[in-house]
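Raw structure-v5.csv, CSV, C-alpha atoms:
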chain,number,residue,atom,x,y,z
D,115,MET,CA,-23.0,33.0,-4.0
D,116,ALA,CA,-20.1,31.4,-2.3
D,117,LYS,CA,-19.3,27.9,-3.2
D,118,THR,CA,-19.1,25.6,-0.2
D,119,GLU,CA,-16.5,22.9,-0.2
D,120,VAL,CA,-17.7,19.5,0.7
D,121,LYS,CA,-15.0,17.5,2.5
D,122,GLU,CA,-15.3,13.7,1.8
D,123,ASN,CA,-14.9,11.6,4.9
D,124,LEU,CA,-12.5,8.8,4.0
D,125,GLY,CA,-12.3,7.6,7.6
D,126,ARG,CA,-9.7,7.9,10.3
D,127,VAL,CA,-6.5,6.1,11.3
D,128,VAL,CA,-6.0,5.0,14.9
D,129,LEU,CA,-2.5,4.0,15.9
D,130,ILE,CA,-2.7,1.9,19.1
D,131,ARG,CA,-0.3,0.1,21.3
D,132,SER,CA,-2.4,-2.9,22.2
D,133,HIS,CA,-5.1,-5.3,20.7
D,134,LEU,CA,-7.6,-4.9,23.6
D,135,ALA,CA,-10.1,-2.6,21.9
D,136,GLU,CA,-12.8,-4.4,20.0
D,137,LYS,CA,-15.1,-1.4,19.0
D,138,PRO,CA,-14.3,1.9,17.4
D,139,GLU,CA,-15.8,3.8,20.3
D,140,GLU,CA,-13.2,2.3,22.6
D,141,PHE,CA,-10.5,4.3,20.8
D,142,ILE,CA,-10.4,7.6,22.7
D,143,GLN,CA,-7.7,10.3,22.0
D,144,GLY,CA,-5.5,10.5,25.1
D,145,GLY,CA,-6.2,7.0,26.2
D,146,ASP,CA,-3.4,4.8,27.5
D,147,ASP,CA,-3.4,2.5,24.4
D,148,VAL,CA,-4.1,5.2,21.8
D,149,PHE,CA,-1.0,6.7,20.2
D,150,GLU,CA,-2.5,8.9,17.6
D,151,ILE,CA,-5.7,9.5,15.7
D,152,LEU,CA,-5.4,11.0,12.2
D,153,PRO,CA,-7.9,11.6,9.3
D,154,VAL,CA,-7.4,9.6,6.1
D,155,THR,CA,-6.6,11.9,3.2
D,156,ASP,CA,-6.2,9.4,0.4
D,157,VAL,CA,-7.2,5.7,-0.2
D,158,ARG,CA,-5.3,3.8,-2.8
D,159,GLN,CA,-5.5,0.1,-3.8
D,160,ASP,CA,-3.0,-1.3,-1.3
D,161,PHE,CA,-2.5,1.5,1.1
D,162,ILE,CA,-3.9,4.6,2.7
D,163,VAL,CA,-2.4,8.1,3.4
D,164,ALA,CA,-3.1,9.6,6.8
D,165,SER,CA,-2.7,13.4,7.0
D,166,ASP,CA,0.2,13.2,4.5
D,167,LYS,CA,2.2,12.1,7.5
D,168,TYR,CA,2.0,8.3,7.2
D,169,VAL,CA,1.6,5.8,4.3
D,170,LEU,CA,0.0,2.7,5.8
D,171,PRO,CA,-0.6,-0.6,4.1
D,172,THR,CA,-4.3,-1.7,4.3
D,173,ALA,CA,-3.2,-5.3,4.9
D,174,ASP,CA,-1.8,-4.4,8.3
D,175,ALA,CA,-5.1,-2.6,9.4
D,176,ARG,CA,-7.9,-3.9,11.4
D,177,ILE,CA,-10.8,-2.1,9.6
D,178,LEU,CA,-13.8,-1.3,11.8
D,179,ASN,CA,-17.0,0.6,11.1
D,180,SER,CA,-18.2,3.4,13.3
D,181,SER,CA,-21.0,6.0,13.2
D,182,SER,CA,-18.4,8.6,12.0
D,183,GLY,CA,-17.1,6.3,9.2
D,184,LEU,CA,-14.4,3.7,8.7
D,185,VAL,CA,-11.7,3.3,11.3
D,186,TYR,CA,-8.3,1.8,10.3
D,187,ALA,CA,-6.7,0.5,13.5
D,188,TYR,CA,-3.0,-0.3,13.6
D,189,ASN,CA,-1.0,-1.8,16.4
D,190,VAL,CA,2.3,0.1,16.1
D,191,SER,CA,5.8,0.1,17.5
D,192,LEU,CA,8.5,2.8,17.0
D,193,PRO,CA,10.3,1.0,14.1
D,194,TYR,CA,7.0,0.6,12.3
D,195,LEU,CA,6.2,4.3,12.8
D,196,GLN,CA,9.6,5.3,11.5
D,197,GLU,CA,9.2,3.1,8.4
D,198,ILE,CA,5.7,4.4,7.5
D,199,ALA,CA,6.9,8.0,8.0
D,200,HIS,CA,9.8,7.2,5.6
D,201,LEU,CA,7.3,5.8,3.1
D,202,ALA,CA,5.3,9.0,3.2
D,203,GLN,CA,8.5,11.0,2.4
D,204,VAL,CA,9.3,8.7,-0.5
D,205,GLU,CA,5.7,9.1,-1.8
D,206,LYS,CA,6.0,12.9,-1.7
D,207,ASN,CA,9.4,12.8,-3.5
D,208,ILE,CA,8.0,10.5,-6.2
D,209,VAL,CA,5.0,12.9,-6.8
D,210,ILE,CA,7.3,15.9,-6.9
D,211,GLY,CA,9.7,14.1,-9.3
D,212,GLN,CA,6.8,13.1,-11.6
D,213,ALA,CA,5.7,16.8,-11.8
D,214,TYR,CA,8.9,17.5,-13.7
D,215,LEU,CA,8.5,14.7,-16.2
D,216,TYR,CA,6.7,16.4,-19.0
D,217,GLN,CA,6.9,15.8,-22.7
D,218,GLY,CA,10.1,17.2,-24.3
D,219,ARG,CA,12.1,17.3,-21.1
D,220,ASN,CA,13.1,13.7,-20.8
D,221,MET,CA,13.4,11.0,-23.5
D,222,PRO,CA,10.6,8.4,-23.0
D,223,ASN,CA,12.1,5.0,-22.3
D,224,GLY,CA,15.6,6.2,-23.5
D,225,LYS,CA,14.4,6.6,-27.1
D,226,PRO,CA,15.6,9.6,-29.1
D,227,ASN,CA,13.0,11.9,-30.6
D,228,VAL,CA,12.5,13.1,-34.2
D,229,PHE,CA,14.7,16.2,-33.7
D,230,GLN,CA,17.7,14.1,-32.6
D,231,TRP,CA,17.2,11.8,-35.6
D,232,ALA,CA,17.1,14.8,-38.0
D,233,LEU,CA,20.3,16.2,-36.4
D,234,VAL,CA,22.1,12.9,-36.9
D,235,ALA,CA,21.0,12.7,-40.5
D,236,PHE,CA,22.1,16.3,-41.1
D,237,VAL,CA,25.6,15.7,-39.6
D,238,PHE,CA,25.8,12.5,-41.7
D,239,LEU,CA,24.8,14.4,-44.9
D,240,LEU,CA,27.5,17.1,-44.2
D,241,ALA,CA,30.1,14.4,-43.6
D,242,ALA,CA,29.1,12.7,-46.9
D,243,MET,CA,29.3,16.0,-48.8
D,244,ALA,CA,32.7,16.7,-47.4
D,245,ILE,CA,34.1,13.3,-48.4
D,246,LEU,CA,32.6,13.5,-52.0
D,247,SER,CA,33.9,17.1,-52.6
D,248,LYS,CA,37.5,16.0,-52.3
Structure encoded using structure tokens:
Amino acid sequence: MAKTEVKENLGRVVLIRSHLAEKPEEFIQGGDDVFEILPVTDVRQDFIVASDKYVLPTADARILNSSSGLVYAYNVSLPYLQEIAHLAQVEKNIVIGQAYLYQGRNMPNGKPNVFQWALVAFVFLLAAMAILSK
């Protein structure tokens, strides 16, 4: 049997240019005030991710409830869109950077590991033997 994938509905993000809409049904794609409608791909404590394109703070959203789920409405301007697109890129870079931080590759908190201590002790022992053999 084929396994069917159930996609969780986390809501949608509506980027608008005015505050006139009061109900989620008034946000129609292609309307004069609607800039973009995107599905929410991830919800975190203080922000949401919309289609891996924008990282939006929940404090700036007007959260509405509709028959199809939550609607996060944002009144946006061009500088705001540029900043949240930049935040999405930073988020991707952090995730990619953390993928390469595995045990043994980097020193945790700048502390040397056991091998480095053993190497220093061995070099010190060789130096002490060289001094005592003279």
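Atom pair CA of Ile151 (chain D) / CA of Val185 (chain D) has a distance of 9.7 Å (rounded to one decimal).
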**OP:** Check the smallest atom-to-atom distance from each of D:Leu129, D:Ala242, D:Val209, D:Leu170 to Glu197 (chain D) using all atoms listed in the file, then report the winner.
**Re:**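 The answer is D:Leu170, which sits nearest to Glu197 (chain D).
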Original post:
What gap, in Å, lies between CA of Ile177 (chain D) and CA of Val157 (chain D)?
Top reply: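 Separation between CA of Ile177 (chain D) and CA of Val157 (chain D): 13.0 Å.
Among the candidates D:Lys167, D:Arg126, D:Lys206, D:Lys248, the residue lying nearest to Leu152 (chain D) is D:Arg126 (atoms considered: all atoms listed in the file).
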Subject >> One-decimal distance in Å that lies between CA of Val169 (chain D) and CA of Leu201 (chain D) >> reply: 5.8 Å
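For the choices D:Val128, D:Leu178, D:Ile162, D:Leu239, the atom-to-atom distance to Glu205 (chain D) is smallest for D:Ile162 when using all atoms listed in the file.
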Subject >> Residue with smallest distance to Ser191 (chain D) - pool D:Ile130, D:Asn207, D:Ala175, D:Val154, counting only C-alpha atoms >> reply: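 Of the candidates, the smallest distance to Ser191 (chain D) is held by D:Ile130.
For Ala173 (chain D), the list of residues within 12 Å, based on only C-alpha atoms and with local chain neighbours fewer than 5 positions off taken out, reads Gln159, Asp160, Phe161, Ile162, Tyr186, Ala187 and Tyr188 of chain D.
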Original post:
From the set D:Ser182, D:Gln203, D:Thr172, D:Ser247, which residue has the shortest atom-to-atom contact distance to Leu124 (chain D), counting only C-alpha atoms?
Top reply: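 Closest candidate: D:Ser182.
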